[in-house]
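So the structure is just underneath, and the comments pick up after that.
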Number of protein chains: 2
Amino acid sequence: MASSNVPFRNIVEAYQRIKPFVHQTPVLTCSTFNKLASKNSGCKDDSIKIELFFKCENLQKTGAFKARGASNAVMMAKDAPNLKGIVTHSSGNHGQAVAYACSTEVANVPCVVVVPKNTPSVKCEAIRGYGAELVFCESTPTSRKETCAKISEEKDYEIIHPYDNYNVIAGQATIAYEMMKEQSLDNLDAILVPISGGGMISGIALAAKQINPATKIIAVEPRGKELGPCLKAKQRLWSNPPQFIDTIAEGIKTQQTGQLTFPILCELIEESVLTISNEEMERGMKIVAERMKLVIEASAGASVAAALFKTEEIIKIWPEVRRIGVILCGGNTELVNFP
Amino acid sequence: MASSNVPFRNIVEAYQRIKPFVHQTPVLTCSTFNKLASKNSGCKDDSIKIELFFKCENLQKTGAFKARGASNAVMMAKDAPNLKGIVTHSSGNHGQAVAYACSTEVANVPCVVVVPKNTPSVKCEAIRGYGAELVFCESTPTSRKETCAKISEEKDYEIIHPYDNYNVIAGQATIAYEMMKEQSLDNLDAILVPISGGGMISGIALAAKQINPATKIIAVEPRGKELGPCLKAKQRLWSNPPQFIDTIAEGIKTQQTGQLTFPILCELIEESVLTISNEEMERGMKIVAERMKLVIEASAGASVAAALFKTEEIIKIWPEVRRIGVILCGGNTELVNFP
């Protein structure tokens, strides 16, 4: 089974390992949003009461959950005898997170981050701020991967892949471990998780299913990802070479999930997924700024939109779902673009 | 002594009383801000390490700390035998908070809120959303007070003053009680608190000085308030009739502190105050949105500006201060005005 590659003890160990380098992020609730979701559940007689629990990884170090996976992978890599440095490719948040982890006094490892040339400047500045070297590539998955491989070979640096890395996955899994164990939310009916390469959602599924097998893990995808048919067929139906999706959600634009993550998804997450348009993501970002007073990026806006505007669809597919965890995965957005 | 009007047990009781109606708001830290404040401390050799602890009352119910004082006062008033309703005047946040507390199932009391006619629409909508009646008045302290008194007389409604009310003050005091007791921050050297009528800062001072008499309570004022000379003289030197200050900080535009709060301030808070310009508040709001991913209003931007940009002034006046609590008092701002 794919899940046996990341046993639960690895997640618990990851949680202990990364504790000094990440925040325990708060779980917030909002009665206005509970009312709105209940109202949008499609139930005529008000008998469905939805409760939402927002896990605020936008308040995480580096502004996104990626600090967890990167810290776990970097802290595990740093003890290798001949480590010269670390290189990674990322549309921003993972790059920032690896740069941050490498820059900590405990790690103190040279770091190169390969980013597509259209990456928002706020993300580039933050990566440089952590002392890492930036290398720009073309804005395709293939160019990103090749540039990274080249640097790794030339400099003899270790690659930390943004999602196809079990140590990264174990790190992301600590989101669910923290929420369900430390913050006592082990009785969630479902968790809504934005999906890109699948590192976060596979980690969350691995942790959550061990803590409460009844908790459904539901992927929230940008329009154009077409994850649902792949999950139903348990096959990678995407066309190659891998593409980026045309979405405002910088953080989840990779169409294909990873080679290591896809089998975990097929094993642990729901076959049905929720598909969110750009406009819905923007509405999610806006309403969270207005009512919850949080800045979130578009990918987090997707999970908000799923919880608030797709509640009827959720109840139709999973009629028993009431208590829903909503992952606000990051807050790295340029304020000038804010809806 | 003025402080004896709000004994510590009243604060502890307020904390228990309002618990079901308010959030325990998180205390967040940000290493980038600690570095920035340390760098701005005016110390040449990096020997001063400032640590900032942000109490996120922008994440409070109704978007501001006012939910605490209003809940305490409303829950205490609701048991009076002949209570017909509650009326209050407020530039927005207190009105919203009283409307919220009155609308809870436990209270369920009719409520009228008097607001100046230029109050941001987001605040007006929120007040109406809690089922309260809005009455508009001229944008002067006198008109506000008179309109409120008239409604109170006509309808026989009880007035809950935004700050000159010991139950409100005890409610606001729970910010410090929660932070220092429940969240284990009893060893703060100072707490920076934006000041308007003085309900929040007098409450915070009352709680903090009981928990740790060494913690300095420092007022953060908008330019034009002229609080410092009054505190030094222990006299109300302001010109009458009371004025609003020309500031972008809607929440702290009242120039004069209250009749009940001023004596508490003279007894408990620091004589020196920090004065913040509009531009500094905007910088505070912007940097918190960018780096902490929080939406805060201008009055909260003032305490951020004090912590980050006035650190040299702080260290000059209070050389031993290192661990600083920063009160992010609210997040009710219209996104279109966001800097």
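Chain identifiers are assigned as A, B, and so on, following the order in which chains appear in the structure tokens; residues are numbered from 1 within each chain, and ligands are numbered from 1 in order of appearance.
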- Message: Show me, as an MDAnalysis selection string, the residues that have an atom within 7 Å of range 176-184 of chain B when counting only C-alpha atoms, minus same-chain residues fewer than 3 positions from it.
- Response: chainID B and resid 173 204 207:208
Each chain B residue no farther than 12 Å from chain A, nearest pair in Å, only C-alpha atoms, as a Markdown table:
| residue | atom | partner | partner_atom | distance |
| --- | --- | --- | --- | --- |
| B:Phe21 | CA | A:Ser31 | CA | 10.8 |
| B:Val22 | CA | A:Cys30 | CA | 10.9 |
| B:His23 | CA | A:Thr29 | CA | 8.7 |
| B:Gln24 | CA | A:Leu28 | CA | 9.7 |
| B:Thr25 | CA | A:Leu28 | CA | 8.8 |
| B:Pro26 | CA | A:Pro26 | CA | 6.7 |
| B:Val27 | CA | A:Pro26 | CA | 9.3 |
| B:Leu28 | CA | A:Leu59 | CA | 8.4 |
| B:Thr29 | CA | A:His23 | CA | 8.7 |
| B:Cys30 | CA | A:Lys61 | CA | 7.9 |
| B:Ser31 | CA | A:Lys61 | CA | 8.6 |
| B:Thr32 | CA | A:Lys61 | CA | 9.8 |
| B:Cys56 | CA | A:Lys293 | CA | 9.9 |
| B:Glu57 | CA | A:Lys293 | CA | 10.1 |
| B:Asn58 | CA | A:Lys293 | CA | 6.6 |
| B:Leu59 | CA | A:Lys293 | CA | 6.3 |
| B:Gln60 | CA | A:Met292 | CA | 8.8 |
| B:Lys61 | CA | A:Cys30 | CA | 7.9 |
| B:Thr62 | CA | A:Arg291 | CA | 8.4 |
| B:Gly63 | CA | A:Lys293 | CA | 7.3 |
| B:Ala64 | CA | A:Lys293 | CA | 10.1 |
| B:Tyr100 | CA | A:Ser31 | CA | 11.5 |
| B:Thr104 | CA | A:Ser31 | CA | 11.5 |
| B:Val122 | CA | A:Glu290 | CA | 8.6 |
| B:Lys123 | CA | A:Glu290 | CA | 10.8 |
| B:Glu125 | CA | A:Arg291 | CA | 11.9 |
| B:Ala126 | CA | A:Arg291 | CA | 9.7 |
| B:Gly129 | CA | A:Thr32 | CA | 9.9 |
| B:Tyr130 | CA | A:Thr32 | CA | 10.4 |
| B:Met285 | CA | A:Leu335 | CA | 11.5 |
| B:Lys286 | CA | A:Leu335 | CA | 8.6 |
| B:Ile287 | CA | A:Leu335 | CA | 10.4 |
| B:Val288 | CA | A:Val295 | CA | 9.6 |
| B:Ala289 | CA | A:Val295 | CA | 6.4 |
| B:Glu290 | CA | A:Leu335 | CA | 7.3 |
| B:Arg291 | CA | A:Gly63 | CA | 7.4 |
| B:Met292 | CA | A:Leu59 | CA | 6.4 |
| B:Lys293 | CA | A:Val295 | CA | 4.6 |
| B:Leu294 | CA | A:Leu294 | CA | 4.6 |
| B:Val295 | CA | A:Lys293 | CA | 4.6 |
| B:Ile296 | CA | A:Lys293 | CA | 7.0 |
| B:Glu297 | CA | A:Lys293 | CA | 9.5 |
| B:Leu328 | CA | A:Lys293 | CA | 11.3 |
| B:Cys329 | CA | A:Lys293 | CA | 11.9 |
| B:Gly330 | CA | A:Lys293 | CA | 8.9 |
| B:Gly331 | CA | A:Lys293 | CA | 5.8 |
| B:Asn332 | CA | A:Glu290 | CA | 7.7 |
| B:Thr333 | CA | A:Glu290 | CA | 8.0 |
| B:Glu334 | CA | A:Glu290 | CA | 7.7 |
| B:Leu335 | CA | A:Glu290 | CA | 7.3 |
| B:Val336 | CA | A:Pro339 | CA | 9.4 |
| B:Phe338 | CA | A:Leu335 | CA | 9.1 |
| B:Pro339 | CA | A:Leu335 | CA | 8.9 |
- Shell of 7 Å around range 36-38 of chain B, only C-alpha atoms, local chain residues under 2 positions omitted, as an MDAnalysis selection string: chainID B and resid 32:34 40:41 48:50 307:308 311
- Please run DSSP on the backbone and report, as a PyMOL selection string, all residues within range 102-313 of chain A that come out as alpha helix (DSSP H). chain A and resi 102-103+121-129+141-155+166-177+199-211+227-233+261-268+278-287+298-309+311-313
- Message: With only C-alpha atoms as the counted atoms, please give the residues lying no more than 7 Å from Lys225 in chain B, apart from itself and same-chain residues fewer than 2 positions off, as an MDAnalysis selection string.
- Response: chainID B and resid 221:223 227 245 255
Take the selection from the previous step and output its residues with N, CA and C atoms, as a PDB file, in the first residue's frame.
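The resulting file, again-v8.pdb, is reproduced below:
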ATOM      1  N   GLU B 221      -1.156  56.983  20.689  1.00  0.00           N
ATOM      2  CA  GLU B 221      -2.205  57.947  20.323  1.00  0.00           C
ATOM      3  C   GLU B 221      -2.033  58.435  18.892  1.00  0.00           C
ATOM      4  N   PRO B 222      -3.143  58.832  18.242  1.00  0.00           N
ATOM      5  CA  PRO B 222      -3.018  59.497  16.947  1.00  0.00           C
ATOM      6  C   PRO B 222      -2.546  60.941  17.174  1.00  0.00           C
ATOM      7  N   ARG B 223      -1.843  61.475  16.206  1.00  0.00           N
ATOM      8  CA  ARG B 223      -1.384  62.866  16.288  1.00  0.00           C
ATOM      9  C   ARG B 223      -2.597  63.782  16.525  1.00  0.00           C
ATOM     10  N   LEU B 227      -2.357  63.626  24.649  1.00  0.00           N
ATOM     11  CA  LEU B 227      -2.587  62.943  25.927  1.00  0.00           C
ATOM     12  C   LEU B 227      -1.427  63.131  26.900  1.00  0.00           C
ATOM     13  N   ILE B 245     -10.562  64.035  16.577  1.00  0.00           N
ATOM     14  CA  ILE B 245      -9.278  64.339  15.940  1.00  0.00           C
ATOM     15  C   ILE B 245      -9.396  64.047  14.444  1.00  0.00           C
ATOM     16  N   GLN B 255     -10.913  62.768  21.050  1.00  0.00           N
ATOM     17  CA  GLN B 255      -9.712  63.359  21.642  1.00  0.00           C
ATOM     18  C   GLN B 255      -9.618  63.118  23.149  1.00  0.00           C
TER      19      GLN B 255
END
- Message: Which residues are close to Ala219 in chain A, i.e. within 12 Å by only C-alpha atoms, leaving aside same-chain residues fewer than 2 positions away? Reply as a VMD selection string.
- Response: chain A and resid 190 to 202 204 to 205 216 to 217 221 to 222 225 to 228 231 252 257 265 to 266 268 to 276 299 302 to 303 306 to 307 314 326 to 327
Output N, CA and C atoms for every residue in that selection, as a compact mmCIF listing (two decimals), in the first residue's frame.
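The new file out21.txt reads:
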# COMPACT_ATOMS: atom_id res chain seq x y z
N ALA A 190 -15.08 15.95 7.70
CA ALA A 190 -14.36 16.11 6.43
C ALA A 190 -13.32 17.21 6.56
N ILE A 191 -12.31 17.15 5.71
CA ILE A 191 -11.34 18.24 5.61
C ILE A 191 -11.23 18.61 4.13
N LEU A 192 -11.38 19.92 3.85
CA LEU A 192 -11.27 20.42 2.48
C LEU A 192 -9.85 20.92 2.25
N VAL A 193 -9.19 20.36 1.24
CA VAL A 193 -7.77 20.66 1.03
C VAL A 193 -7.50 21.03 -0.42
N PRO A 194 -6.97 22.23 -0.67
CA PRO A 194 -6.59 22.60 -2.04
C PRO A 194 -5.50 21.65 -2.53
N ILE A 195 -5.54 21.32 -3.80
CA ILE A 195 -4.57 20.34 -4.31
C ILE A 195 -3.79 20.90 -5.50
N SER A 196 -2.49 20.64 -5.47
CA SER A 196 -1.62 20.95 -6.61
C SER A 196 -0.86 19.66 -6.93
N GLY A 197 0.38 19.55 -6.48
CA GLY A 197 1.11 18.29 -6.69
C GLY A 197 0.61 17.17 -5.79
N GLY A 198 -0.07 17.56 -4.71
CA GLY A 198 -0.67 16.57 -3.84
C GLY A 198 0.11 16.27 -2.56
N GLY A 199 1.16 17.04 -2.30
CA GLY A 199 1.95 16.82 -1.09
C GLY A 199 1.15 17.11 0.17
N MET A 200 0.44 18.23 0.16
CA MET A 200 -0.32 18.61 1.35
C MET A 200 -1.46 17.64 1.60
N ILE A 201 -2.25 17.37 0.56
CA ILE A 201 -3.44 16.54 0.79
C ILE A 201 -3.06 15.09 1.09
N SER A 202 -1.98 14.59 0.48
CA SER A 202 -1.62 13.21 0.82
C SER A 202 -1.12 13.15 2.27
N ILE A 204 -2.01 15.21 4.75
CA ILE A 204 -3.17 15.37 5.62
C ILE A 204 -3.98 14.08 5.68
N ALA A 205 -4.13 13.41 4.55
CA ALA A 205 -4.88 12.15 4.53
C ALA A 205 -4.17 11.09 5.36
N LYS A 216 -13.41 12.31 6.12
CA LYS A 216 -13.25 12.27 4.67
C LYS A 216 -12.28 13.38 4.23
N ILE A 217 -11.35 13.03 3.35
CA ILE A 217 -10.40 14.02 2.85
C ILE A 217 -10.83 14.37 1.42
N GLU A 221 -9.98 21.59 -6.20
CA GLU A 221 -9.10 21.81 -7.35
C GLU A 221 -9.52 23.05 -8.13
N PRO A 222 -8.56 23.70 -8.80
CA PRO A 222 -8.92 24.77 -9.72
C PRO A 222 -9.51 24.17 -11.00
N LYS A 225 -8.10 21.16 -13.76
CA LYS A 225 -7.18 20.14 -13.25
C LYS A 225 -7.62 18.73 -13.64
N GLU A 226 -8.94 18.50 -13.62
CA GLU A 226 -9.49 17.20 -14.04
C GLU A 226 -8.99 16.06 -13.18
N LEU A 227 -8.95 16.29 -11.88
CA LEU A 227 -8.49 15.25 -10.96
C LEU A 227 -9.52 14.14 -10.77
N GLY A 228 -10.81 14.52 -10.75
CA GLY A 228 -11.87 13.55 -10.46
C GLY A 228 -11.81 12.30 -11.32
N LEU A 231 -8.94 10.03 -10.30
CA LEU A 231 -9.16 9.32 -9.03
C LEU A 231 -10.15 8.18 -9.23
N ILE A 252 -1.46 26.51 -6.88
CA ILE A 252 -2.01 25.20 -7.24
C ILE A 252 -2.20 25.08 -8.76
N THR A 257 -0.76 15.56 -10.40
CA THR A 257 -0.22 15.28 -9.07
C THR A 257 1.06 14.47 -9.25
N LEU A 265 -3.20 9.30 -2.87
CA LEU A 265 -4.51 9.91 -3.09
C LEU A 265 -5.54 8.83 -3.46
N CYS A 266 -5.14 7.95 -4.39
CA CYS A 266 -6.07 6.89 -4.82
C CYS A 266 -6.50 6.01 -3.65
N LEU A 268 -6.46 6.99 -0.27
CA LEU A 268 -7.02 7.61 0.95
C LEU A 268 -8.04 8.72 0.77
N ILE A 269 -8.03 9.43 -0.34
CA ILE A 269 -8.95 10.58 -0.41
C ILE A 269 -10.23 10.22 -1.18
N GLU A 270 -11.23 11.08 -1.06
CA GLU A 270 -12.51 10.86 -1.73
C GLU A 270 -12.32 10.93 -3.24
N GLU A 271 -13.08 10.08 -3.94
CA GLU A 271 -13.03 10.08 -5.41
C GLU A 271 -13.61 11.35 -6.00
N SER A 272 -14.66 11.88 -5.35
CA SER A 272 -15.27 13.11 -5.85
C SER A 272 -14.46 14.30 -5.37
N VAL A 273 -14.28 15.28 -6.25
CA VAL A 273 -13.54 16.47 -5.87
C VAL A 273 -14.42 17.70 -6.11
N LEU A 274 -14.03 18.84 -5.51
CA LEU A 274 -14.77 20.09 -5.69
C LEU A 274 -13.95 21.00 -6.61
N THR A 275 -14.58 21.50 -7.65
CA THR A 275 -13.89 22.29 -8.66
C THR A 275 -14.29 23.76 -8.53
N ILE A 276 -13.28 24.63 -8.44
CA ILE A 276 -13.52 26.04 -8.12
C ILE A 276 -13.04 26.94 -9.25
N SER A 299 -5.29 30.10 -3.67
CA SER A 299 -5.47 28.66 -3.45
C SER A 299 -6.24 28.42 -2.14
N ALA A 302 -9.80 29.05 -2.62
CA ALA A 302 -10.51 27.91 -3.20
C ALA A 302 -11.17 27.06 -2.13
N SER A 303 -10.46 26.79 -1.02
CA SER A 303 -11.09 25.95 0.01
C SER A 303 -12.21 26.71 0.72
N ALA A 306 -15.15 26.50 -1.56
CA ALA A 306 -15.75 25.16 -1.47
C ALA A 306 -16.65 25.07 -0.24
N ALA A 307 -16.16 25.57 0.90
CA ALA A 307 -16.91 25.46 2.16
C ALA A 307 -18.16 26.33 2.15
N ILE A 314 -21.53 19.54 -1.57
CA ILE A 314 -20.92 18.70 -0.53
C ILE A 314 -21.97 17.80 0.11
N VAL A 326 -11.24 23.34 7.17
CA VAL A 326 -10.96 24.07 5.94
C VAL A 326 -9.51 24.54 6.02
N ILE A 327 -8.69 24.09 5.09
CA ILE A 327 -7.27 24.43 5.15
C ILE A 327 -7.02 25.75 4.42
- Atom pair CA of Val98 in chain A / CA of Thr140 in chain A: separation (Å):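 That distance, rounded to one decimal, is 20.6 Å.
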- Assign secondary structure with DSSP using the backbone only, and return the residues of range 64-291 of chain B in strand (DSSP E) as JSON, numbers by chain. {"B": [86, 87, 88, 89, 111, 112, 113, 114, 115, 116, 133, 134, 135, 136, 137, 158, 159, 190, 191, 192, 193, 194, 216, 217, 218, 219, 220, 221, 222, 274, 275, 276]}
- Item | Shell of 10 Å around Arg128 in chain B, only C-alpha atoms, local chain residues under 3 positions omitted, as a PyMOL selection string | chain B and resi 96+99-100+112-113+123-125+131-134
Store the residues picked out above in a file with N, CA and C atoms, as a compact mmCIF listing (two decimals), in the first residue's frame.
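For reference, part.txt as written:
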# COMPACT_ATOMS: atom_id res chain seq x y z
N GLN B 96 -21.31 47.84 17.06
CA GLN B 96 -21.40 46.49 16.51
C GLN B 96 -21.34 45.45 17.64
N ALA B 99 -24.58 45.52 19.69
CA ALA B 99 -25.62 44.88 18.87
C ALA B 99 -25.45 43.37 18.89
N TYR B 100 -24.21 42.92 18.75
CA TYR B 100 -23.92 41.48 18.78
C TYR B 100 -24.34 40.86 20.11
N VAL B 112 -30.57 49.83 20.15
CA VAL B 112 -30.42 50.95 19.22
C VAL B 112 -28.98 51.43 19.28
N VAL B 113 -28.39 51.68 18.11
CA VAL B 113 -27.02 52.18 18.06
C VAL B 113 -26.99 53.53 17.34
N LYS B 123 -19.28 48.88 8.71
CA LYS B 123 -19.66 48.84 10.13
C LYS B 123 -21.18 48.94 10.29
N CYS B 124 -21.81 49.82 9.49
CA CYS B 124 -23.27 49.98 9.57
C CYS B 124 -23.98 48.67 9.21
N GLU B 125 -23.53 48.05 8.13
CA GLU B 125 -24.14 46.78 7.70
C GLU B 125 -24.01 45.71 8.77
N GLY B 131 -29.23 42.76 13.93
CA GLY B 131 -30.63 43.03 14.27
C GLY B 131 -30.87 44.31 15.06
N ALA B 132 -29.85 45.16 15.20
CA ALA B 132 -30.05 46.41 15.94
C ALA B 132 -30.58 47.51 15.02
N GLU B 133 -31.22 48.51 15.63
CA GLU B 133 -31.70 49.67 14.87
C GLU B 133 -30.57 50.71 14.86
N LEU B 134 -30.34 51.32 13.67
CA LEU B 134 -29.30 52.34 13.55
C LEU B 134 -29.95 53.72 13.57
